[in-house]
Amino acid sequence: MATTPPKPTTTATVKKEGSGSSSIFASLVIPIAFVVALLIYIFVLGDPSHYKGGDPANEPANGDYFGVVHKGGPIVPVLMTFLLCVIIFSIERFVVIGKAAGSGNVDAFIKKVQSYLNAGNIEAASAECDKQKGSVANVIKSGLKKYREMEQEPNLDVDQKCLAIQKDIEEATSLEMPMLEQNLTIIATLVSIGTLTGLLGTVTGMIKAFAALATSGAPNQAALATGISEALINTALGIFTSTLAVIAYNYFTSKIDTLTYAIDETGFSIVQTYAASHKNNH
């Protein structure tokens, strides 16, 4: 009994440390991504070799998309920052959620644990959690530990013990799940920001195009073409960024839902197994 109180504190501390490191990661990624995007925009896309006559004031060389994108104007590096953020945070979430699922297939793991529970073999189910590792296994192992504690508890009836096991599983879940959902809000925000920034670039490009049309006498065709290309490039980059962000957000949300369902299903099995085996004994 003496070793029980420190355990939740340790877990909570680990989660707080994980949360802190994740927020530091987020606050570092965004400015670094902007600097990288700016360097790419200036030195890679803006290289004179991408333009006719080696002069960035001229039109892009035929078929040279680097020069075309560079002509998108100052909003291009902002959109590139968003695109880099979507890619980086998607990779980070992929790694974190992959670790949370554990070393093996989650469905196969759940089936094994449930078969051990049905056979009343709590030790084997707990050993399976040690093999699997990850957030799902941690929550289930916490429930199984509580299961064993309740078997030694003389002062509660079966219903109270079942409630205690269920509460322990819910608490363990509430510690694990926020880790999986971190940075997803950034990806979700980039869905709308990408489109809106692309739209801003479209508007500024069209303003330039109409300004070229409004000049007295013959319109400046080069300025007109530059304004229209700026508008279209920003639109394309904004839509592409938002599309990637939507796909990433939906993919990771469905993954988290699958893990949550696996935890809920197994948690229910643990409580039901305890109730069935101990009520029969009574």
# chains A, B, ... in the order shown; residues from 1 in each chain; ligands from 1
>>> residues_around(residues="Leu244 (chain A)", least_positions_apart="3", cutoff="9 Å", atoms="only C-alpha atoms", output="list in words")
Leu83, Val86, Ile87, Val191, Ile239, Phe240, Thr241, Ile247, Ala248 and Tyr249 of chain A
>>> select_by_dssp(residues="region 32-253 of chain A", states="alpha helix (DSSP H)", output="ChimeraX atom specification")
/A:32-39,65-70,75-101,106-118,122-132,134-151,158-181,184-213,221-253
>>> atom_distance(atom1="CA of Phe94 (chain A)", atom2="CA of Val76 (chain A)")
26.9 Å
>>> closest_residue(among="A:Arg148, A:Lys141, A:Lys279, A:His50", to="Tyr65 (chain A)", atoms="only C-alpha atoms")
A:His50
>>> residues_around(residues="Lys208 (chain A)", least_positions_apart="5", cutoff="10 Å", atoms="only C-alpha atoms", output="JSON, numbers by chain")
{"A": [203, 213, 214, 223, 224, 225, 226, 227, 228, 230, 231]}
>>> write_last_selection(atoms="C-alpha atoms", output="PDB file, in the first residue's frame")
ATOM      1  CA  VAL A 203      -6.540  39.766 -53.675  1.00  0.00           C
ATOM      2  CA  LEU A 213      -5.008  47.815 -66.477  1.00  0.00           C
ATOM      3  CA  ALA A 214      -5.855  51.254 -65.091  1.00  0.00           C
ATOM      4  CA  ALA A 223       2.729  44.158 -64.862  1.00  0.00           C
ATOM      5  CA  LEU A 224      -0.671  42.664 -65.698  1.00  0.00           C
ATOM      6  CA  ALA A 225       0.811  39.175 -66.137  1.00  0.00           C
ATOM      7  CA  THR A 226       2.820  39.531 -62.898  1.00  0.00           C
ATOM      8  CA  GLY A 227      -0.292  40.540 -60.925  1.00  0.00           C
ATOM      9  CA  ILE A 228      -2.359  37.630 -62.270  1.00  0.00           C
ATOM     10  CA  GLU A 230       0.898  36.340 -58.149  1.00  0.00           C
ATOM     11  CA  ALA A 231      -2.819  35.892 -57.514  1.00  0.00           C
TER      12      ALA A 231
END
>>> closest_residue(among="A:Ile207, A:Val136, A:Leu232, A:Thr243", to="Leu175 (chain A)", atoms="only C-alpha atoms")
A:Val136
>>> closest_residue(among="A:Ile24, A:Ile186, A:Cys85, A:Ile270", to="Lys145 (chain A)", atoms="only C-alpha atoms")
A:Ile270
>>> residues_around(residues="Asn138 (chain A)", least_positions_apart="5", cutoff="9 Å", atoms="only C-alpha atoms", output="ChimeraX atom specification")
/A:129-130,133,143,172-173,176
>>> write_last_selection(atoms="all heavy atoms", output="short mmCIF file (atom, residue, chain, number, x, y, z; two decimals), in the first residue's frame")
data_model
loop_
_atom_site.label_atom_id
_atom_site.label_comp_id
_atom_site.auth_asym_id
_atom_site.auth_seq_id
_atom_site.Cartn_x
_atom_site.Cartn_y
_atom_site.Cartn_z
N CYS A 129 0.45 -6.46 -21.69
CA CYS A 129 0.58 -4.99 -21.68
C CYS A 129 2.05 -4.58 -21.65
O CYS A 129 2.45 -3.61 -22.31
CB CYS A 129 -0.13 -4.39 -20.48
SG CYS A 129 -1.92 -4.55 -20.53
N ASP A 130 2.87 -5.32 -20.88
CA ASP A 130 4.31 -5.03 -20.81
C ASP A 130 4.98 -5.23 -22.16
O ASP A 130 5.89 -4.49 -22.53
CB ASP A 130 4.98 -5.92 -19.75
CG ASP A 130 4.58 -5.54 -18.34
OD1 ASP A 130 4.25 -4.36 -18.12
OD2 ASP A 130 4.59 -6.42 -17.46
N LYS A 133 3.49 -2.18 -24.69
CA LYS A 133 3.90 -0.80 -24.36
C LYS A 133 2.96 0.23 -25.01
O LYS A 133 2.00 -0.12 -25.64
CB LYS A 133 5.36 -0.54 -24.77
CG LYS A 133 6.36 -1.44 -24.07
CD LYS A 133 7.78 -1.06 -24.45
CE LYS A 133 8.80 -1.90 -23.72
NZ LYS A 133 8.77 -3.31 -24.09
N GLY A 143 -5.64 -0.37 -15.19
CA GLY A 143 -6.92 -0.99 -14.83
C GLY A 143 -6.75 -2.37 -14.23
O GLY A 143 -7.41 -2.74 -13.26
N ALA A 172 -6.49 7.21 -15.82
CA ALA A 172 -5.30 6.87 -16.63
C ALA A 172 -5.48 7.35 -18.06
O ALA A 172 -4.54 7.86 -18.68
CB ALA A 172 -5.08 5.36 -16.60
N THR A 173 -6.71 7.22 -18.57
CA THR A 173 -7.01 7.69 -19.94
C THR A 173 -6.85 9.20 -20.04
O THR A 173 -6.29 9.72 -21.01
CB THR A 173 -8.45 7.29 -20.35
OG1 THR A 173 -8.61 5.88 -20.20
CG2 THR A 173 -8.74 7.68 -21.79
N GLU A 176 -3.26 10.06 -20.44
CA GLU A 176 -2.61 9.65 -21.69
C GLU A 176 -3.13 10.41 -22.92
O GLU A 176 -2.36 10.79 -23.79
CB GLU A 176 -2.82 8.13 -21.92
CG GLU A 176 -2.15 7.24 -20.88
CD GLU A 176 -0.64 7.13 -21.05
OE1 GLU A 176 -0.12 7.56 -22.09
OE2 GLU A 176 0.02 6.62 -20.12
#
>>> residues_around(residues="Asn183 (chain A)", least_positions_apart="3", cutoff="10 Å", atoms="only C-alpha atoms", output="compact mmCIF listing (two decimals) with C-alpha atoms, in the first residue's frame")
# COMPACT_ATOMS: atom_id res chain seq x y z
CA SER A 22 5.64 19.53 -26.81
CA SER A 23 4.77 23.23 -26.34
CA PHE A 25 8.68 22.12 -29.78
CA ALA A 26 5.68 24.02 -31.20
CA PHE A 89 3.71 18.67 -37.12
CA SER A 90 2.27 15.77 -39.14
CA GLU A 92 5.70 14.65 -35.09
CA ARG A 93 2.10 13.49 -34.51
CA MET A 179 -0.57 13.86 -25.16
CA LEU A 180 -2.03 12.45 -28.38
CA ILE A 186 -2.16 23.88 -34.84
CA ILE A 187 -2.85 21.60 -37.83
CA ALA A 188 -6.59 22.41 -37.58
CA THR A 189 -5.80 26.15 -37.49
>>> residues_around(residues="Gly104 (chain A)", least_positions_apart="2", cutoff="7 Å", atoms="only C-alpha atoms", output="ChimeraX atom specification")
/A:102,106,132
>>> write_last_selection(atoms="N, CA, C and O atoms", output="PDB file, in the first residue's frame")
ATOM      1  N   GLY A 102       1.729   1.437 -29.494  1.00  0.00           N
ATOM      2  CA  GLY A 102       2.544   0.347 -28.970  1.00  0.00           C
ATOM      3  C   GLY A 102       3.307  -0.384 -30.057  1.00  0.00           C
ATOM      4  O   GLY A 102       3.301   0.003 -31.226  1.00  0.00           O
ATOM      5  N   VAL A 106      -2.787  -3.009 -32.556  1.00  0.00           N
ATOM      6  CA  VAL A 106      -3.659  -2.703 -31.404  1.00  0.00           C
ATOM      7  C   VAL A 106      -4.827  -3.686 -31.331  1.00  0.00           C
ATOM      8  O   VAL A 106      -5.149  -4.186 -30.247  1.00  0.00           O
ATOM      9  N   GLN A 132       3.396  -4.989 -25.153  1.00  0.00           N
ATOM     10  CA  GLN A 132       2.849  -4.034 -26.126  1.00  0.00           C
ATOM     11  C   GLN A 132       3.417  -2.630 -25.949  1.00  0.00           C
ATOM     12  O   GLN A 132       3.750  -1.962 -26.901  1.00  0.00           O
TER      13      GLN A 132
END
>>> closest_residue(among="A:Ile42, A:Val139, A:Ala276, A:Val69", to="Asp264 (chain A)", atoms="only C-alpha atoms")
A:Val139
>>> atom_distance(atom1="CA of Thr204 (chain A)", atom2="CA of Ile40 (chain A)")
21.7 Å
>>> closest_residue(among="A:Thr185, A:Ile263, A:Val36, A:Ala125", to="Gln166 (chain A)", atoms="only C-alpha atoms")
A:Ile263
>>> residues_around(residues="region 108-122 of chain A", least_positions_apart="2", cutoff="7 Å", atoms="only C-alpha atoms", output="tab-separated table (two decimals) with N, CA, C and O atoms, in the first residue's frame")
chain	number	residue	atom	x	y	z
A	105	ASN	N	0.18	-4.72	-33.31
A	105	ASN	CA	-1.14	-4.32	-33.79
A	105	ASN	C	-2.10	-4.16	-32.62
A	105	ASN	O	-2.20	-5.04	-31.77
A	106	VAL	N	-2.79	-3.01	-32.56
A	106	VAL	CA	-3.66	-2.70	-31.40
A	106	VAL	C	-4.83	-3.69	-31.33
A	106	VAL	O	-5.15	-4.19	-30.25
A	124	ALA	N	-1.46	-12.85	-17.08
A	124	ALA	CA	-1.08	-12.96	-18.50
A	124	ALA	C	-1.49	-11.71	-19.27
A	124	ALA	O	-0.76	-11.24	-20.15
A	125	ALA	N	-2.67	-11.15	-18.92
A	125	ALA	CA	-3.13	-9.91	-19.57
A	125	ALA	C	-2.18	-8.76	-19.25
A	125	ALA	O	-1.84	-7.96	-20.13
A	126	SER	N	-1.72	-8.70	-18.00
A	126	SER	CA	-0.79	-7.65	-17.58
A	126	SER	C	0.57	-7.82	-18.27
A	126	SER	O	1.19	-6.83	-18.69
A	128	GLU	N	1.00	-9.11	-21.18
A	128	GLU	CA	0.77	-8.71	-22.58
A	128	GLU	C	0.90	-7.19	-22.72
A	128	GLU	O	1.42	-6.69	-23.72
A	144	LEU	N	-5.81	-3.15	-14.80
A	144	LEU	CA	-5.55	-4.51	-14.30
A	144	LEU	C	-4.91	-4.47	-12.91
A	144	LEU	O	-5.19	-5.33	-12.06
A	262	ALA	N	-10.42	1.50	-28.42
A	262	ALA	CA	-9.75	0.28	-27.93
A	262	ALA	C	-9.64	0.31	-26.41
A	262	ALA	O	-9.88	-0.71	-25.73
A	266	THR	N	-11.72	-2.29	-23.89
A	266	THR	CA	-10.99	-3.16	-22.96
A	266	THR	C	-11.30	-2.79	-21.51
A	266	THR	O	-11.42	-3.68	-20.65
A	269	SER	N	-14.43	-4.38	-20.63
A	269	SER	CA	-14.23	-5.83	-20.45
A	269	SER	C	-13.65	-6.13	-19.07
A	269	SER	O	-14.04	-7.11	-18.41
A	270	ILE	N	-12.69	-5.28	-18.62
A	270	ILE	CA	-12.07	-5.49	-17.30
A	270	ILE	C	-13.12	-5.38	-16.20
A	270	ILE	O	-13.21	-6.24	-15.31
A	273	THR	N	-15.62	-8.30	-16.41
A	273	THR	CA	-14.99	-9.55	-15.95
A	273	THR	C	-14.95	-9.60	-14.43
A	273	THR	O	-15.27	-10.63	-13.82
>>> closest_residue(among="A:Ser27, A:Gly46, A:Lys71, A:Lys99", to="Lys255 (chain A)", atoms="only C-alpha atoms")
A:Lys99
